[in-house]
>>> print(open('input_24.txt').read())   # compact mmCIF, C-alpha atoms
# COMPACT_ATOMS: atom_id res chain seq x y z
CA SER A 1 71.98 -1.72 -49.87
CA GLU A 2 73.39 -0.97 -53.30
CA LYS A 3 76.49 1.05 -53.96
CA ASN A 4 78.85 1.69 -56.85
CA ALA A 5 82.61 1.57 -56.39
CA ASN A 6 84.86 3.68 -58.59
CA ALA A 7 88.62 3.65 -58.92
CA ALA A 8 91.00 4.76 -61.63
CA SER A 9 91.83 1.24 -62.80
CA LEU A 10 88.61 -0.45 -61.79
CA TYR A 11 85.36 -0.71 -63.67
CA PRO A 12 82.48 0.14 -61.31
CA PHE A 13 80.56 -2.84 -60.06
CA VAL A 14 77.41 -3.23 -58.02
CA ALA A 15 77.65 -5.11 -54.73
CA TYR A 16 74.86 -6.49 -52.62
CA PRO A 17 76.59 -7.21 -49.29
CA ARG A 18 75.14 -9.21 -46.46
CA SER A 19 75.37 -8.12 -42.87
CA GLN A 20 77.94 -10.76 -41.98
CA GLY A 21 81.08 -12.34 -43.38
CA LEU A 22 82.76 -9.02 -44.07
CA ILE A 23 86.09 -8.48 -45.75
CA SER A 24 88.68 -7.96 -43.00
CA ASP A 25 85.70 -7.30 -40.69
CA LYS A 26 85.07 -3.98 -42.44
CA LEU A 27 82.11 -3.72 -44.76
CA PHE A 28 83.20 -0.43 -46.27
CA SER A 29 86.45 -1.97 -47.45
CA LEU A 30 84.44 -3.69 -50.18
CA PHE A 31 83.59 -0.30 -51.61
CA THR A 32 86.40 2.06 -50.64
CA ILE A 33 89.56 -0.02 -50.14
CA LEU A 34 89.57 -2.24 -53.17
CA SER A 35 93.35 -2.54 -53.23
CA ALA A 36 94.92 -2.56 -49.79
CA GLN A 37 97.24 -4.29 -47.36
CA ALA A 38 95.45 -7.11 -45.58
CA THR A 39 94.80 -6.50 -41.90
CA SER A 40 95.59 -10.14 -41.16
CA HIS A 41 97.09 -13.11 -42.94
CA THR A 42 93.63 -14.52 -43.67
CA ILE A 43 90.97 -12.77 -45.73
CA THR A 44 87.36 -13.95 -45.65
CA ILE A 45 85.13 -12.83 -48.51
CA ALA A 46 81.36 -13.21 -48.17
CA GLY A 47 78.14 -11.68 -49.45
CA LYS A 48 77.15 -11.13 -53.06
CA ILE A 49 78.73 -9.20 -55.91
CA VAL A 50 77.13 -8.59 -59.31
CA VAL A 51 79.54 -7.28 -61.95
CA ALA A 52 77.81 -5.46 -64.80
CA THR A 53 78.91 -5.63 -68.43
CA PRO A 54 81.86 -3.23 -68.74
CA PRO A 55 81.93 -0.37 -71.24
CA PRO A 56 84.05 -0.50 -74.42
CA GLY A 57 87.75 -0.24 -73.69
CA ALA A 58 87.66 -1.97 -70.31
CA ARG A 59 90.01 -4.94 -70.41
CA ARG A 60 90.40 -5.85 -66.75
CA ILE A 61 88.23 -5.69 -63.66
CA VAL A 62 89.92 -5.84 -60.25
CA LEU A 63 87.57 -6.80 -57.44
CA PHE A 64 90.04 -7.40 -54.60
CA SER A 65 93.77 -7.04 -54.13
CA PHE A 66 95.36 -8.09 -50.82
CA PRO A 67 99.02 -8.62 -51.67
CA THR A 68 100.17 -9.68 -48.17
CA ALA A 69 97.35 -12.13 -47.45
CA GLN A 70 98.45 -15.75 -47.09
CA LYS A 71 94.99 -17.28 -47.16
CA MET A 72 91.65 -16.46 -48.79
CA ASN A 73 88.36 -17.92 -47.58
CA PHE A 74 85.31 -17.78 -49.86
CA GLU A 75 82.51 -18.36 -47.40
CA ASN A 76 78.79 -17.89 -48.07
CA PHE A 77 79.73 -15.89 -51.15
CA GLU A 78 78.08 -15.41 -54.53
CA LEU A 79 79.76 -13.81 -57.54
CA ASN A 80 77.96 -13.01 -60.78
CA GLY A 81 80.47 -12.34 -63.52
CA PRO A 82 79.98 -9.82 -66.33
CA ASN A 83 78.63 -10.71 -69.75
CA GLY A 84 80.55 -9.92 -72.90
CA ARG A 85 79.64 -6.75 -74.77
CA ASN A 86 77.17 -7.07 -77.63
CA GLY A 87 78.42 -6.48 -81.16
CA SER A 88 77.36 -3.28 -82.89
CA ASP A 89 74.60 -3.31 -85.51
CA ASP A 90 74.95 -2.37 -89.19
CA LEU A 91 71.50 -1.18 -90.17
CA ASP A 92 70.15 0.44 -93.35
CA ALA A 93 73.48 2.00 -94.28
CA SER A 94 74.57 0.06 -97.37
CA CYS A 95 73.83 -2.95 -99.55
CA ARG A 96 76.57 -4.95 -97.81
CA ALA A 97 75.65 -5.05 -94.13
CA LYS A 98 77.69 -6.90 -91.53
CA GLY A 99 77.03 -6.97 -87.80
CA ALA A 100 80.02 -6.96 -85.45
CA LYS A 101 81.00 -10.01 -83.43
CA GLY A 102 79.92 -10.09 -79.80
CA ASP A 103 82.76 -9.85 -77.30
CA ASP A 104 83.88 -12.86 -75.30
CA ALA A 105 83.03 -12.65 -71.62
CA PHE A 106 85.82 -11.89 -69.17
CA ARG A 107 87.98 -14.61 -67.66
CA MET A 108 88.14 -14.80 -63.87
CA LEU A 109 91.45 -15.36 -62.10
CA VAL A 110 91.94 -16.01 -58.39
CA LEU A 111 95.48 -16.24 -57.04
CA SER A 112 96.53 -16.83 -53.45
CA PRO A 113 98.95 -19.11 -51.57
CA ASN A 114 96.05 -20.83 -49.77
CA ILE A 115 92.39 -20.89 -50.82
CA THR A 116 89.42 -22.41 -49.00
CA VAL A 117 85.94 -22.64 -50.51
CA ASN A 118 82.97 -23.01 -48.18
CA ASN A 119 79.64 -22.36 -49.89
CA PHE A 120 80.72 -20.37 -52.95
CA THR A 121 78.32 -19.86 -55.87
CA LEU A 122 79.95 -18.69 -59.10
CA ARG A 123 77.82 -17.56 -62.02
CA LEU A 124 79.98 -17.07 -65.08
CA GLY A 125 79.12 -14.43 -67.67
CA ASN A 126 77.56 -15.08 -71.06
CA GLY A 127 79.14 -14.17 -74.35
CA GLY A 128 77.96 -10.98 -76.02
CA ASP A 129 75.34 -11.22 -78.76
CA GLY A 130 76.37 -10.63 -82.35
CA GLY A 131 75.27 -7.41 -83.98
CA GLY A 132 72.35 -7.32 -86.39
CA ALA A 133 72.68 -6.56 -90.10
CA THR A 134 70.09 -5.00 -92.41
CA THR A 135 70.74 -3.66 -95.92
CA LYS A 136 69.19 -0.64 -97.57
CA LYS A 137 66.17 -1.15 -99.76
CA ASP A 138 66.42 -1.76 -103.51
CA CYS A 139 69.86 -3.36 -103.48
CA LYS A 140 71.32 -5.10 -106.47
CA PRO A 141 72.41 -7.32 -104.86
CA GLY A 142 71.77 -7.04 -101.11
CA ASN A 143 74.04 -9.02 -98.77
CA ALA A 144 73.64 -9.11 -94.98
CA ARG A 145 75.59 -11.12 -92.41
CA GLY A 146 74.83 -11.04 -88.69
CA GLY A 147 77.73 -10.95 -86.26
CA ASP A 148 78.79 -14.10 -84.45
CA GLY A 149 78.13 -14.42 -80.73
CA GLY A 150 80.97 -14.20 -78.22
CA GLU A 151 82.22 -17.03 -76.03
CA PRO A 152 81.15 -17.27 -72.39
CA SER A 153 83.41 -16.66 -69.42
CA ASN A 154 85.84 -19.14 -67.97
CA PHE A 155 87.86 -19.13 -64.78
CA LYS A 156 91.07 -20.28 -63.17
CA ILE A 157 91.82 -20.58 -59.45
CA ILE A 158 95.48 -20.93 -58.50
CA ALA A 159 96.58 -21.82 -54.98
CA THR A 160 100.36 -22.05 -54.84
CA GLN A 161 100.24 -24.07 -51.61
CA ASN A 162 96.81 -25.50 -50.69
CA PHE A 163 93.34 -25.48 -52.22
CA LYS A 164 90.48 -26.86 -50.12
CA ILE A 165 86.77 -27.29 -50.78
CA VAL A 166 85.11 -27.80 -47.40
CA GLY A 167 81.58 -26.76 -48.39
CA ALA A 168 79.51 -26.40 -51.52
CA PHE A 169 81.17 -24.98 -54.64
CA THR A 170 78.44 -24.38 -57.22
CA ILE A 171 79.35 -23.27 -60.73
CA PHE A 172 76.86 -22.03 -63.33
CA PRO A 173 78.61 -21.94 -66.72
CA GLY A 174 77.73 -19.06 -68.99
CA ILE A 175 76.33 -19.56 -72.47
CA GLY A 176 77.58 -18.37 -75.83
CA GLY A 177 76.11 -15.18 -77.23
CA ARG A 178 73.41 -15.51 -79.86
CA GLY A 179 74.23 -14.80 -83.50
CA GLY A 180 72.99 -11.53 -84.92
CA ASP A 181 69.90 -11.35 -87.13
CA ALA A 182 70.25 -10.50 -90.82
CA LYS A 183 67.87 -8.96 -93.36
CA ALA A 184 68.64 -8.21 -96.99
CA PHE A 185 66.48 -6.40 -99.54
CA GLY A 186 66.85 -6.88 -103.27
CA LYS A 187 65.54 -4.43 -105.80
CA ASP A 188 62.25 -5.36 -107.42
CA GLY A 189 62.44 -6.23 -111.08
CA GLY A 190 60.52 -4.37 -113.78
CA PRO A 191 59.47 -4.88 -117.40
CA ASN A 192 62.91 -3.92 -118.68
CA GLU A 193 65.10 -4.52 -115.62
CA ASN A 194 66.16 -7.55 -113.65
CA GLY A 195 65.58 -7.54 -109.91
CA GLY A 196 68.39 -7.69 -107.37
CA ASP A 197 69.32 -10.78 -105.37
CA ALA A 198 69.00 -10.71 -101.60
CA ASN A 199 71.25 -12.88 -99.44
CA ALA A 200 70.93 -12.90 -95.64
CA ASN A 201 72.83 -15.08 -93.18
CA ALA A 202 72.42 -14.89 -89.43
CA GLY A 203 75.54 -14.99 -87.30
CA ASP A 204 76.73 -18.13 -85.55
CA GLY A 205 76.14 -18.57 -81.83
CA GLY A 206 79.18 -18.26 -79.59
CA LYS A 207 81.20 -21.43 -79.03
CA ASN A 208 80.71 -22.98 -75.63
CA ASN A 209 83.34 -25.63 -75.03
CA LYS A 210 83.66 -26.47 -71.34
CA SER A 211 86.05 -28.69 -69.42
CA LEU A 212 87.03 -29.00 -65.77
CA SER A 213 90.52 -29.88 -64.65
CA ILE A 214 92.11 -29.95 -61.20
>>> encode(input="input_24.txt", output="structure tokens")
Amino acid sequence: SEKNANAASLYPFVAYPRSQGLISDKLFSLFTILSAQATSHTITIAGKIVVATPPPGARRIVLFSFPTAQKMNFENFELNGPNGRNGSDDLDASCRAKGAKGDDAFRMLVLSPNITVNNFTLRLGNGGDGGGATTKKDCKPGNARGGDGGEPSNFKIIATQNFKIVGAFTIFPGIGGRGGDAKAFGKDGGPNENGGDANANAGDGGKNNKSLSI
């Protein structure tokens, strides 16, 4: 089934739970008790969660908070992280058009004293696309610059005591957002008038530098 979870400090996400491997043995806790005391010292997280691109202004997404848990097991679990927001377009408004930069995708942080991974698939979000830029017609000159793409997501897992990988841990890195398109229109020349120059430069794709350290 599909369900949206809403909380004051949490951006709604869409979850596709399986019928087994529940959080604290209670499926509804995934949707209704997003921040809670753990019912035991070990929390097992399973199923599938797809986090949609958040709206403007959202800076943090909290999926789970179990402050008393001493151990977290990621077992038969898939997490699809959110993409960065696309940059806004600047279209047909002036002779100097500039698309906005795409937002970087969110960074994922996992923190627990003890963490065990047993068949965990992590799909990191892509960077947001740069905004497009198009000048008005008959510019003299017309200059358009597409927005740069945002950087893809990254992640950090911190276990203050023990970190174990006992099953598959599959990571799909995100990609940088594409640069925005650009179109510029110069004014046509006439018998007694020079035409206008038109300069258009697409935005750069988002940087995608990856490294893995343990």
>>> residues_near_point(input="input_24.txt", point="(71.8, -2.2, -100.6)", cutoff="7 Å", atoms="only C-alpha atoms", output="count of residues only")
12
>>> atom_distance(input="input_24.txt", atom1="atom CA of A:Leu63", atom2="atom CA of A:Gly130")
27.6 Å
>>> closest_residue(input="input_24.txt", among="A:Ile175, A:Ala133, A:Leu122, A:Leu111", to="A:Ile157", atoms="only C-alpha atoms")
A:Leu111
>>> residues_around(input="input_24.txt", residues="A:Ser88", least_positions_apart="5", cutoff="8 Å", atoms="only C-alpha atoms", output="compact mmCIF listing (two decimals) with C-alpha atoms, in the frame of the given file")
# COMPACT_ATOMS: atom_id res chain seq x y z
CA GLY A 99 77.03 -6.97 -87.80
CA ALA A 100 80.02 -6.96 -85.45
CA LYS A 101 81.00 -10.01 -83.43
CA GLY A 102 79.92 -10.09 -79.80
CA GLY A 130 76.37 -10.63 -82.35
CA GLY A 131 75.27 -7.41 -83.98
CA GLY A 132 72.35 -7.32 -86.39
>>> atom_distance(input="input_24.txt", atom1="atom CA of A:Ala144", atom2="atom CA of A:Leu91")
9.5 Å
>>> closest_atom_pairs(input="input_24.txt", of="stretch 109-205 of chain A", to="stretch 74-79 of chain A", cutoff="7 Å", atoms="all atoms listed in the file", output="Markdown table")
| residue | atom | partner | partner_atom | distance |
| --- | --- | --- | --- | --- |
| A:Thr116 | CA | A:Phe74 | CA | 6.3 |
| A:Val117 | CA | A:Phe74 | CA | 4.9 |
| A:Asn118 | CA | A:Glu75 | CA | 4.7 |
| A:Asn119 | CA | A:Asn76 | CA | 4.9 |
| A:Phe120 | CA | A:Phe77 | CA | 4.9 |
| A:Thr121 | CA | A:Glu78 | CA | 4.7 |
| A:Leu122 | CA | A:Leu79 | CA | 5.1 |
| A:Arg123 | CA | A:Leu79 | CA | 6.2 |
>>> atom_distance(input="input_24.txt", atom1="atom CA of A:Ala168", atom2="atom CA of A:Ile61")
25.5 Å
>>> closest_residue(input="input_24.txt", among="A:Asp204, A:Asp197, A:Asp103, A:Asp188", to="A:Gly150", atoms="only C-alpha atoms")
A:Asp103
>>> closest_residue(input="input_24.txt", among="A:Gly174, A:Gly167, A:Gly180, A:Gly84", to="A:Phe155", atoms="only C-alpha atoms")
A:Gly174
>>> residues_around(input="input_24.txt", residues="A:Thr160", least_positions_apart="4", cutoff="7 Å", atoms="only C-alpha atoms", output="list in words")
Ser112, Pro113 and Asn114 of chain A
>>> residues_around(input="input_24.txt", residues="A:Arg85", least_positions_apart="5", cutoff="9 Å", atoms="only C-alpha atoms", output="list in words")
Thr53, Pro54, Pro55, Pro56, Gly102, Asp103, Asp104, Ala105, Gly127, Gly128, Asp129 and Gly150 of chain A
>>> write_last_selection(input="input_24.txt", atoms="C-alpha atoms", output="compact mmCIF listing (two decimals), in the coordinates of the input")
# COMPACT_ATOMS: atom_id res chain seq x y z
CA THR A 53 78.91 -5.63 -68.43
CA PRO A 54 81.86 -3.23 -68.74
CA PRO A 55 81.93 -0.37 -71.24
CA PRO A 56 84.05 -0.50 -74.42
CA GLY A 102 79.92 -10.09 -79.80
CA ASP A 103 82.76 -9.85 -77.30
CA ASP A 104 83.88 -12.86 -75.30
CA ALA A 105 83.03 -12.65 -71.62
CA GLY A 127 79.14 -14.17 -74.35
CA GLY A 128 77.96 -10.98 -76.02
CA ASP A 129 75.34 -11.22 -78.76
CA GLY A 150 80.97 -14.20 -78.22
>>> closest_residue(input="input_24.txt", among="A:Asn86, A:Asn192, A:Thr42, A:Asn209", to="A:Asp148", atoms="only C-alpha atoms")
A:Asn86
